[in-house]
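K.L.:
Questions regarding the structure given below will be posed in turn.
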Amino acid sequence: MGSRPLWQKLQALQCHFTWDFEVKDKIEAEHILQTLALKVEHTEYRNRGIYLATKAYLYHIRGCYKEALASLQEAEDVLKRDHPINFSRQVLVTYGNYAWVYYQLVNYEMVELYLGRVRQICRSLSSPEPYSAHVPEVHAQKGWSLLAVGLRNGEEAKKCFQMALRGDTSNLEFQAGLAISAHARWTHSWSDDDREEATRLMENVVHREPRNMEAKVHLAGLLKFTDSQRAEWLAGEVVRGSRSPEVLRQASKLYKRASLPRAISILRQAVALAPSYHLLHYDLGICYRDQIERGERSPEGEEESRAAAIQCFKRAVEMDPLSLFPRLQLANMYIRKTPHNAEELYRNLLEELPTASKRCQQAIYRHWGDFLLHQKGLKQEALEMYQAGYAVPGDHTWEKKQLKSRLLKLAVMFQGDRREAVYCFVRERENQAPGKGMENLGDTAGPEAQT
């Protein structure tokens, strides 16, 4: 096979096309694009340029190259304004994305143009490599990109910001990125050590930047386990001071346990700012659902709360038809009055299992198993669904705990060898997860799964 010199040069670039991102498909790319639009508008940091470059990569995944090029042009313009002193170091990733997009469009002249620009910058930085330069700005941009793609990347993003800080120890934005990465890691591990580290780092950010509402809402979420009074005070500061729909959404979660009406009020405030943001409608639906489950119904009664929940979940689906969790919750709301609609929706979701993410697969198995058990009385069929969900690989802690709890409760309904077989299944799966034992099987506390 002959050589491909352009391809080999592209592989040496530092950009989204060569970094190892876990963007599963066009559906996930569309979800991330929605949240990125809000990040670009409301970010607390001078990282809008890299968010726009990330959008270009996601547009490439969707096959939207006109939009990708427009996003890269906007990224370049933003970087010139936000980073006039070190623009050349900041624009390396954007130029790399340009080269890759033009390569997909078979415009090799433009590929050579941007490769030349990258090479010229690397030469000016005395980099030993012609198409890459290991500078703090690039490490930080990779960190912000990883976080934008998903909080599951917290550990990898943390490493990026640590590398960036080795080259620029006093950079406040790198320090903030490190704190946010540590917080993201904790949201997936839920370990005390990760929480303590994230709290320490986030405390430093809030101390230096008292008007940083994103840092404040993350700190409040960390402190709610150890200092609920301060967590509530921080949440109040955020609600009064933030205009970011996503930050307000996070603040609403801090009120859900103590005051659902307050959480609903905050979410309505956020909806007024971003009426097309599907997660706001989803979270509102969750609040109305929780009102029913807790017996804290709306003044008009349970049916009004149910109708409000259904309406919110429908709006979330309208805003993002491909999102799975609003449809799962909608099916759950249908069970009481129209179980046939719930069953049809569940069966439609089952057909999406092969292309769904691991966490979504677990959620589908869990909800369908609940329906089979509680609505149809099919213990064996429900058991098979819970086992299938529990066998899905991945570290989605909350879903795993929910499935584990159901398996253990269902085991009690069987006798003799059948009961022991369920216990053996759980033990075998536990042994495949290093460092996790049966002592935590009864702990089902965790966050509500979100899209």
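By convention in this document, the chains of the structure tokens carry letters A, B, ... by their order, each chain's residues are numbered from 1, and ligands are numbered from 1 in the order they are shown.
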Could you pull out all residues of segment 64-302 of chain A with a DSSP call of helix (DSSP H, G or I) and give them as number ranges by chain?
P.N.:
A: 65-82, 87-90, 92-104, 108-124, 136-149, 151-167, 172-189, 192-208, 213-223, 228-241, 245-255, 260-273, 278-294, 302
K.L.:
Would you pick out the contacts of Asp82 of chain A at 12 Å or less, using only C-alpha atoms, so that residues sharing its chain but fewer than 3 positions from it are not included, and give the list as a list in words?
P.N.:
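Residues meeting the cut-off are Tyr45, Arg46, Asn47, Arg48, Gly49, Ile50, Ala75, Glu76, Asp77, Val78, Leu79, Ile85, Asn86, Phe87, Gln90 and Val91 of chain A.
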K.L.:
Take the selection from the previous step and output its residues with all heavy atoms, as a compact mmCIF listing (two decimals), in the first residue's frame.
P.N.:
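The new file again-v2.txt reads:
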```
# COMPACT_ATOMS: atom_id res chain seq x y z
N TYR A 45 -15.20 31.32 31.88
CA TYR A 45 -13.78 31.33 31.57
C TYR A 45 -13.55 31.78 30.13
O TYR A 45 -14.48 31.87 29.33
CB TYR A 45 -13.18 29.94 31.80
CG TYR A 45 -13.66 29.32 33.08
CD1 TYR A 45 -14.65 28.35 33.08
CD2 TYR A 45 -13.15 29.75 34.31
CE1 TYR A 45 -15.12 27.80 34.27
CE2 TYR A 45 -13.62 29.21 35.50
CZ TYR A 45 -14.60 28.24 35.47
OH TYR A 45 -15.08 27.72 36.64
N ARG A 46 -12.30 32.02 29.79
CA ARG A 46 -11.96 32.42 28.42
C ARG A 46 -11.71 31.16 27.57
O ARG A 46 -10.66 30.99 26.96
CB ARG A 46 -10.73 33.32 28.43
CG ARG A 46 -10.96 34.69 29.06
CD ARG A 46 -9.70 35.52 29.01
NE ARG A 46 -8.60 34.83 29.68
CZ ARG A 46 -7.32 35.12 29.49
NH1 ARG A 46 -6.96 36.05 28.63
NH2 ARG A 46 -6.37 34.45 30.15
N ASN A 47 -12.69 30.28 27.56
CA ASN A 47 -12.56 29.04 26.82
C ASN A 47 -13.63 28.88 25.74
O ASN A 47 -13.88 27.78 25.25
CB ASN A 47 -12.60 27.84 27.78
CG ASN A 47 -13.88 27.80 28.61
OD1 ASN A 47 -14.77 28.65 28.45
ND2 ASN A 47 -13.98 26.84 29.51
N ARG A 48 -14.25 29.99 25.36
CA ARG A 48 -15.27 29.90 24.31
C ARG A 48 -14.67 29.40 23.00
O ARG A 48 -15.32 28.68 22.24
CB ARG A 48 -15.92 31.27 24.09
CG ARG A 48 -16.84 31.71 25.21
CD ARG A 48 -17.60 32.98 24.81
NE ARG A 48 -16.67 34.05 24.46
CZ ARG A 48 -16.88 34.93 23.48
NH1 ARG A 48 -17.99 34.86 22.77
NH2 ARG A 48 -15.99 35.88 23.22
N GLY A 49 -13.42 29.79 22.73
CA GLY A 49 -12.78 29.37 21.49
C GLY A 49 -12.69 27.86 21.37
O GLY A 49 -13.01 27.28 20.32
N ILE A 50 -12.27 27.20 22.43
CA ILE A 50 -12.14 25.75 22.36
C ILE A 50 -13.50 25.07 22.34
O ILE A 50 -13.67 24.02 21.71
CB ILE A 50 -11.25 25.20 23.51
CG1 ILE A 50 -10.87 23.74 23.24
CG2 ILE A 50 -11.94 25.33 24.86
CD1 ILE A 50 -10.12 23.52 21.95
N ALA A 75 -14.49 30.35 16.16
CA ALA A 75 -13.49 30.02 17.19
C ALA A 75 -12.24 30.86 17.00
O ALA A 75 -11.69 31.40 17.97
CB ALA A 75 -13.14 28.53 17.13
N GLU A 76 -11.78 30.98 15.76
CA GLU A 76 -10.57 31.76 15.48
C GLU A 76 -10.79 33.23 15.86
O GLU A 76 -9.91 33.86 16.48
CB GLU A 76 -10.22 31.64 14.00
CG GLU A 76 -8.88 32.24 13.64
CD GLU A 76 -8.49 31.96 12.20
OE1 GLU A 76 -9.28 31.31 11.47
OE2 GLU A 76 -7.39 32.39 11.80
N ASP A 77 -11.95 33.78 15.53
CA ASP A 77 -12.25 35.18 15.86
C ASP A 77 -12.29 35.39 17.38
O ASP A 77 -11.75 36.39 17.90
CB ASP A 77 -13.59 35.59 15.25
CG ASP A 77 -13.55 35.62 13.72
OD1 ASP A 77 -12.43 35.67 13.16
OD2 ASP A 77 -14.63 35.56 13.10
N VAL A 78 -12.90 34.45 18.08
CA VAL A 78 -13.00 34.55 19.54
C VAL A 78 -11.61 34.47 20.18
O VAL A 78 -11.30 35.22 21.11
CB VAL A 78 -13.93 33.46 20.09
CG1 VAL A 78 -13.77 33.32 21.61
CG2 VAL A 78 -15.38 33.77 19.75
N LEU A 79 -10.79 33.57 19.69
CA LEU A 79 -9.45 33.42 20.25
C LEU A 79 -8.62 34.69 20.05
O LEU A 79 -7.83 35.06 20.93
CB LEU A 79 -8.75 32.22 19.61
CG LEU A 79 -9.27 30.84 20.01
CD1 LEU A 79 -8.66 29.76 19.14
CD2 LEU A 79 -8.98 30.56 21.48
N ILE A 85 -2.44 38.09 23.28
CA ILE A 85 -1.01 37.96 23.57
C ILE A 85 -0.46 36.61 23.13
O ILE A 85 0.62 36.51 22.55
CB ILE A 85 -0.74 38.21 25.07
CG1 ILE A 85 -1.12 39.65 25.43
CG2 ILE A 85 0.72 37.94 25.41
CD1 ILE A 85 -1.00 39.95 26.91
N ASN A 86 -1.21 35.54 23.42
CA ASN A 86 -0.71 34.20 23.09
C ASN A 86 -1.62 33.50 22.09
O ASN A 86 -1.84 32.29 22.16
CB ASN A 86 -0.55 33.36 24.36
CG ASN A 86 -1.88 33.10 25.06
OD1 ASN A 86 -2.87 33.81 24.82
ND2 ASN A 86 -1.92 32.11 25.94
N PHE A 87 -2.14 34.26 21.13
CA PHE A 87 -3.07 33.71 20.13
C PHE A 87 -2.47 32.51 19.40
O PHE A 87 -3.15 31.51 19.18
CB PHE A 87 -3.46 34.80 19.13
CG PHE A 87 -4.19 34.27 17.93
CD1 PHE A 87 -5.52 33.87 18.03
CD2 PHE A 87 -3.56 34.15 16.69
CE1 PHE A 87 -6.20 33.38 16.93
CE2 PHE A 87 -4.24 33.67 15.58
CZ PHE A 87 -5.56 33.28 15.71
N GLN A 90 -2.82 29.45 21.37
CA GLN A 90 -4.22 29.09 21.58
C GLN A 90 -4.89 28.53 20.33
O GLN A 90 -5.84 27.75 20.41
CB GLN A 90 -5.00 30.33 22.05
CG GLN A 90 -4.63 30.85 23.43
CD GLN A 90 -5.27 30.05 24.53
OE1 GLN A 90 -6.16 29.23 24.30
NE2 GLN A 90 -4.82 30.30 25.77
N VAL A 91 -4.39 28.91 19.15
CA VAL A 91 -5.08 28.56 17.92
C VAL A 91 -4.60 27.25 17.30
O VAL A 91 -5.14 26.80 16.28
CB VAL A 91 -4.94 29.72 16.90
CG1 VAL A 91 -3.58 29.67 16.16
CG2 VAL A 91 -6.11 29.75 15.93
```
K.L.:
When you draw a straight line from atom CA of Leu350 of chain A to atom CA of Tyr365 of chain A, how long is it in Å?
P.N.:
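Those two atoms sit 8.1 Å apart.
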K.L.:
Quick one: residues within 12 Å of Leu151 of chain A, only C-alpha atoms counted, chain neighbours fewer than 5 positions away excluded, as a PyMOL selection string?
P.N.:
chain A and resi 22+32+143-146+156-158+180-189+396+450-451
K.L.:
Would you save the residues from that selection as a CSV table (one decimal), in the first residue's frame, using N, CA and C atoms?
P.N.:
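Ended up saving to selection-v3.csv:
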```
chain,number,residue,atom,x,y,z
A,22,GLU,N,-14.9,9.8,23.3
A,22,GLU,CA,-15.9,8.8,23.2
A,22,GLU,C,-17.3,9.4,22.9
A,32,ILE,N,-24.7,16.8,22.8
A,32,ILE,CA,-23.5,17.6,23.3
A,32,ILE,C,-23.6,19.0,22.6
A,143,GLY,N,-8.5,19.4,28.1
A,143,GLY,CA,-9.2,19.2,29.3
A,143,GLY,C,-10.6,19.8,29.2
A,144,TRP,N,-10.7,21.1,28.7
A,144,TRP,CA,-12.1,21.7,28.6
A,144,TRP,C,-12.9,20.9,27.6
A,145,SER,N,-12.3,20.4,26.5
A,145,SER,CA,-13.0,19.6,25.5
A,145,SER,C,-13.6,18.3,26.1
A,146,LEU,N,-12.7,17.6,26.8
A,146,LEU,CA,-13.2,16.4,27.5
A,146,LEU,C,-14.3,16.6,28.4
A,156,GLU,N,-9.6,11.9,32.9
A,156,GLU,CA,-8.7,12.2,31.8
A,156,GLU,C,-8.5,13.7,31.8
A,157,ALA,N,-9.6,14.5,32.0
A,157,ALA,CA,-9.5,16.0,31.9
A,157,ALA,C,-8.6,16.5,33.1
A,158,LYS,N,-8.7,15.8,34.2
A,158,LYS,CA,-7.9,16.2,35.4
A,158,LYS,C,-6.4,16.1,35.0
A,180,ILE,N,-12.9,21.6,38.4
A,180,ILE,CA,-14.1,21.1,37.8
A,180,ILE,C,-13.9,19.6,37.3
A,181,SER,N,-12.7,19.3,36.9
A,181,SER,CA,-12.4,17.9,36.5
A,181,SER,C,-12.5,17.0,37.7
A,182,ALA,N,-12.0,17.4,38.9
A,182,ALA,CA,-12.1,16.6,40.1
A,182,ALA,C,-13.5,16.4,40.5
A,183,HIS,N,-14.3,17.5,40.3
A,183,HIS,CA,-15.8,17.4,40.6
A,183,HIS,C,-16.4,16.4,39.7
A,184,ALA,N,-16.1,16.4,38.4
A,184,ALA,CA,-16.7,15.5,37.4
A,184,ALA,C,-16.3,14.1,37.7
A,185,ARG,N,-15.1,13.9,38.1
A,185,ARG,CA,-14.6,12.5,38.5
A,185,ARG,C,-15.4,12.0,39.7
A,186,TRP,N,-15.7,12.9,40.7
A,186,TRP,CA,-16.5,12.5,41.9
A,186,TRP,C,-17.9,12.1,41.5
A,187,THR,N,-18.5,12.8,40.5
A,187,THR,CA,-19.9,12.5,40.1
A,187,THR,C,-20.0,11.1,39.5
A,188,HIS,N,-18.9,10.5,39.2
A,188,HIS,CA,-18.9,9.2,38.6
A,188,HIS,C,-18.5,8.1,39.6
A,189,SER,N,-17.6,8.5,40.5
A,189,SER,CA,-17.1,7.5,41.5
A,189,SER,C,-17.8,7.5,42.8
A,396,HIS,N,-21.1,2.8,35.6
A,396,HIS,CA,-22.3,3.7,35.9
A,396,HIS,C,-22.9,3.3,37.2
A,450,GLN,N,-29.7,11.2,34.3
A,450,GLN,CA,-30.0,12.3,33.5
A,450,GLN,C,-29.5,12.0,32.1
A,451,THR,N,-30.1,12.7,31.1
A,451,THR,CA,-29.6,12.6,29.8
A,451,THR,C,-28.3,13.2,29.6
```
K.L.:
Need the shell around Ala272 of chain A: protein/DNA/RNA residues with any atom at most 12 Å away, counting only C-alpha atoms. Skip same-chain ones fewer than 5 positions apart. Format as a list of chain:residue names?
P.N.:
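After dropping sequence-adjacent residues, the list is A:Arg243, A:Ser244, A:Pro245, A:Leu248, A:Ser265, A:Ile266, A:Leu267, A:Tyr277, A:Leu280, A:His281.
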K.L.:
Out of A:Leu330, A:Ala411, A:Ala37, A:Ala99, which residue has the shortest atom-to-atom distance to Leu10 of chain A when counting only C-alpha atoms?
P.N.:
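The shortest atom-to-atom distance to Leu10 of chain A comes from A:Ala99.
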K.L.:
Would you compute the distance between atom CA of Arg195 of chain A and atom CA of Trp233 of chain A? Give it in Å to one decimal.
P.N.:
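Computing it gives 19.3 Å between the two atoms.
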K.L.:
Could you list, as JSON, numbers by chain, every residue within 8 Å of His139 of chain A, counting only C-alpha atoms and ignoring same-chain residues fewer than 6 positions away?
P.N.:
{"A": [160, 161, 163, 164]}
K.L.:
Could you save those same residues with C-alpha atoms as a JSON list (two decimals), in the first residue's frame?
P.N.:
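part.json, freshly written:
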```json
[["chain", "number", "residue", "atom", "x", "y", "z"],
["A", 160, "CYS", "CA", -4.75, 17.45, 31.18],
["A", 161, "PHE", "CA", -5.10, 20.34, 33.61],
["A", 163, "MET", "CA", -0.04, 18.92, 32.80],
["A", 164, "ALA", "CA", -1.12, 22.47, 31.92]]
```
K.L.:
Might you pull out every residue within 10 Å of Phe371 of chain A, with only C-alpha atoms counted and same-chain residues fewer than 3 positions away left off, and present them as JSON, numbers by chain?
P.N.:
{"A": [331, 332, 335, 339, 342, 343, 346, 365, 366, 367, 368, 374, 375, 376, 377, 378, 382]}
K.L.:
Determine, counting only C-alpha atoms, which protein, DNA and RNA residues have an atom within 10 Å of an atom of Arg315 of chain A; residues of the same chain fewer than 2 positions away are not included. Present the result as a PyMOL selection string.
P.N.:
chain A and resi 275-282+285+309-313+317-321+326
K.L.:
Output all heavy atoms for every residue in that selection, as a compact mmCIF listing (two decimals), in the first residue's frame.
P.N.:
```
# COMPACT_ATOMS: atom_id res chain seq x y z
N PRO A 275 -35.89 28.42 26.89
CA PRO A 275 -37.09 27.58 26.77
C PRO A 275 -36.91 26.33 25.92
O PRO A 275 -37.71 25.40 26.03
CB PRO A 275 -38.12 28.53 26.14
CG PRO A 275 -37.33 29.64 25.54
CD PRO A 275 -36.10 29.77 26.37
N SER A 276 -35.86 26.27 25.10
CA SER A 276 -35.67 25.10 24.24
C SER A 276 -34.65 24.10 24.81
O SER A 276 -34.33 23.11 24.15
CB SER A 276 -35.21 25.53 22.85
OG SER A 276 -33.96 26.21 22.92
N TYR A 277 -34.18 24.34 26.02
CA TYR A 277 -33.19 23.44 26.63
C TYR A 277 -33.93 22.25 27.25
O TYR A 277 -34.61 22.38 28.26
CB TYR A 277 -32.38 24.19 27.67
CG TYR A 277 -31.24 23.40 28.29
CD1 TYR A 277 -30.62 22.36 27.62
CD2 TYR A 277 -30.77 23.72 29.57
CE1 TYR A 277 -29.58 21.65 28.18
CE2 TYR A 277 -29.72 23.01 30.14
CZ TYR A 277 -29.13 21.98 29.45
OH TYR A 277 -28.10 21.27 30.01
N HIS A 278 -33.80 21.09 26.62
CA HIS A 278 -34.63 19.94 26.97
C HIS A 278 -34.44 19.47 28.40
O HIS A 278 -35.40 18.98 29.03
CB HIS A 278 -34.37 18.79 25.99
CG HIS A 278 -33.02 18.17 26.11
ND1 HIS A 278 -31.88 18.78 25.66
CD2 HIS A 278 -32.62 16.98 26.64
CE1 HIS A 278 -30.83 17.99 25.89
NE2 HIS A 278 -31.26 16.90 26.49
N LEU A 279 -33.23 19.57 28.95
CA LEU A 279 -32.99 19.05 30.29
C LEU A 279 -33.75 19.83 31.36
O LEU A 279 -34.06 19.29 32.43
CB LEU A 279 -31.49 19.06 30.60
CG LEU A 279 -30.66 18.00 29.88
CD1 LEU A 279 -29.20 18.09 30.30
CD2 LEU A 279 -31.20 16.60 30.15
N LEU A 280 -34.04 21.10 31.11
CA LEU A 280 -34.84 21.87 32.07
C LEU A 280 -36.24 21.29 32.17
O LEU A 280 -36.79 21.14 33.28
CB LEU A 280 -34.89 23.33 31.65
CG LEU A 280 -33.56 24.08 31.62
CD1 LEU A 280 -33.76 25.49 31.09
CD2 LEU A 280 -32.93 24.14 33.01
N HIS A 281 -36.84 20.96 31.04
CA HIS A 281 -38.19 20.37 31.04
C HIS A 281 -38.15 18.98 31.66
O HIS A 281 -39.07 18.59 32.40
CB HIS A 281 -38.73 20.32 29.61
CG HIS A 281 -38.87 21.67 28.98
ND1 HIS A 281 -39.88 22.55 29.31
CD2 HIS A 281 -38.10 22.30 28.05
CE1 HIS A 281 -39.74 23.66 28.60
NE2 HIS A 281 -38.67 23.53 27.83
N TYR A 282 -37.09 18.25 31.37
CA TYR A 282 -36.94 16.92 31.97
C TYR A 282 -36.87 17.01 33.49
O TYR A 282 -37.58 16.29 34.21
CB TYR A 282 -35.69 16.25 31.42
CG TYR A 282 -35.38 14.92 32.07
CD1 TYR A 282 -36.05 13.76 31.68
CD2 TYR A 282 -34.43 14.81 33.09
CE1 TYR A 282 -35.78 12.53 32.29
CE2 TYR A 282 -34.16 13.59 33.70
CZ TYR A 282 -34.84 12.46 33.29
OH TYR A 282 -34.56 11.25 33.89
N GLY A 285 -40.16 17.79 35.04
CA GLY A 285 -40.98 16.58 35.09
C GLY A 285 -40.60 15.69 36.26
O GLY A 285 -41.47 15.12 36.93
N ALA A 309 -46.23 16.56 35.01
CA ALA A 309 -45.05 15.74 34.73
C ALA A 309 -45.08 15.24 33.29
O ALA A 309 -44.08 15.32 32.56
CB ALA A 309 -44.98 14.57 35.70
N ILE A 310 -46.23 14.74 32.86
CA ILE A 310 -46.36 14.23 31.49
C ILE A 310 -46.09 15.33 30.49
O ILE A 310 -45.38 15.14 29.48
CB ILE A 310 -47.76 13.61 31.28
CG1 ILE A 310 -47.86 12.29 32.06
CG2 ILE A 310 -48.03 13.38 29.80
CD1 ILE A 310 -49.24 11.68 32.06
N GLN A 311 -46.65 16.51 30.75
CA GLN A 311 -46.44 17.63 29.84
C GLN A 311 -44.97 18.00 29.74
O GLN A 311 -44.45 18.28 28.65
CB GLN A 311 -47.27 18.84 30.30
CG GLN A 311 -47.20 20.04 29.37
CD GLN A 311 -47.75 19.74 27.98
OE1 GLN A 311 -48.63 18.90 27.83
NE2 GLN A 311 -47.22 20.42 26.97
N CYS A 312 -44.28 18.01 30.88
CA CYS A 312 -42.85 18.36 30.89
C CYS A 312 -42.03 17.33 30.13
O CYS A 312 -41.13 17.69 29.34
CB CYS A 312 -42.35 18.49 32.32
SG CYS A 312 -42.94 19.95 33.19
N PHE A 313 -42.31 16.05 30.36
CA PHE A 313 -41.56 15.01 29.65
C PHE A 313 -41.84 15.05 28.15
O PHE A 313 -40.94 14.83 27.33
CB PHE A 313 -41.87 13.63 30.23
CG PHE A 313 -41.38 13.43 31.62
CD1 PHE A 313 -42.18 12.84 32.59
CD2 PHE A 313 -40.10 13.84 32.00
CE1 PHE A 313 -41.72 12.64 33.88
CE2 PHE A 313 -39.64 13.66 33.29
CZ PHE A 313 -40.45 13.06 34.24
N VAL A 317 -39.10 15.65 25.15
CA VAL A 317 -38.99 14.82 23.95
C VAL A 317 -39.11 15.67 22.69
O VAL A 317 -38.39 15.46 21.70
CB VAL A 317 -40.06 13.71 23.96
CG1 VAL A 317 -40.06 12.95 22.64
CG2 VAL A 317 -39.83 12.75 25.13
N GLU A 318 -40.01 16.65 22.71
CA GLU A 318 -40.15 17.55 21.56
C GLU A 318 -38.85 18.31 21.30
O GLU A 318 -38.45 18.50 20.15
CB GLU A 318 -41.28 18.55 21.80
CG GLU A 318 -42.67 17.93 21.76
CD GLU A 318 -43.73 18.93 22.21
OE1 GLU A 318 -43.39 20.12 22.40
OE2 GLU A 318 -44.89 18.51 22.40
N MET A 319 -38.21 18.77 22.38
CA MET A 319 -36.97 19.53 22.24
C MET A 319 -35.82 18.64 21.78
O MET A 319 -34.92 19.09 21.08
CB MET A 319 -36.59 20.19 23.57
CG MET A 319 -37.57 21.20 24.14
SD MET A 319 -37.81 22.62 23.06
CE MET A 319 -39.45 22.29 22.45
N ASP A 320 -35.85 17.37 22.20
CA ASP A 320 -34.77 16.44 21.85
C ASP A 320 -35.37 15.05 21.65
O ASP A 320 -35.36 14.21 22.56
CB ASP A 320 -33.71 16.42 22.96
CG ASP A 320 -32.49 15.59 22.57
OD1 ASP A 320 -32.45 15.08 21.44
OD2 ASP A 320 -31.58 15.44 23.41
N PRO A 321 -35.92 14.78 20.47
CA PRO A 321 -36.64 13.52 20.23
C PRO A 321 -35.79 12.26 20.43
O PRO A 321 -36.35 11.18 20.64
CB PRO A 321 -37.09 13.64 18.77
CG PRO A 321 -37.06 15.10 18.47
CD PRO A 321 -35.93 15.65 19.29
N PRO A 326 -36.17 11.04 29.02
CA PRO A 326 -37.54 11.59 29.06
C PRO A 326 -38.59 10.58 28.61
O PRO A 326 -39.70 10.55 29.15
CB PRO A 326 -37.46 12.79 28.10
CG PRO A 326 -36.03 13.19 28.12
CD PRO A 326 -35.27 11.91 28.24
```
K.L.:
Pick the closest to Gly116 of chain A from A:Gln402, A:Gln269, A:Ser132, A:Gln104: which is it, counting only C-alpha atoms?
P.N.:
A:Ser132
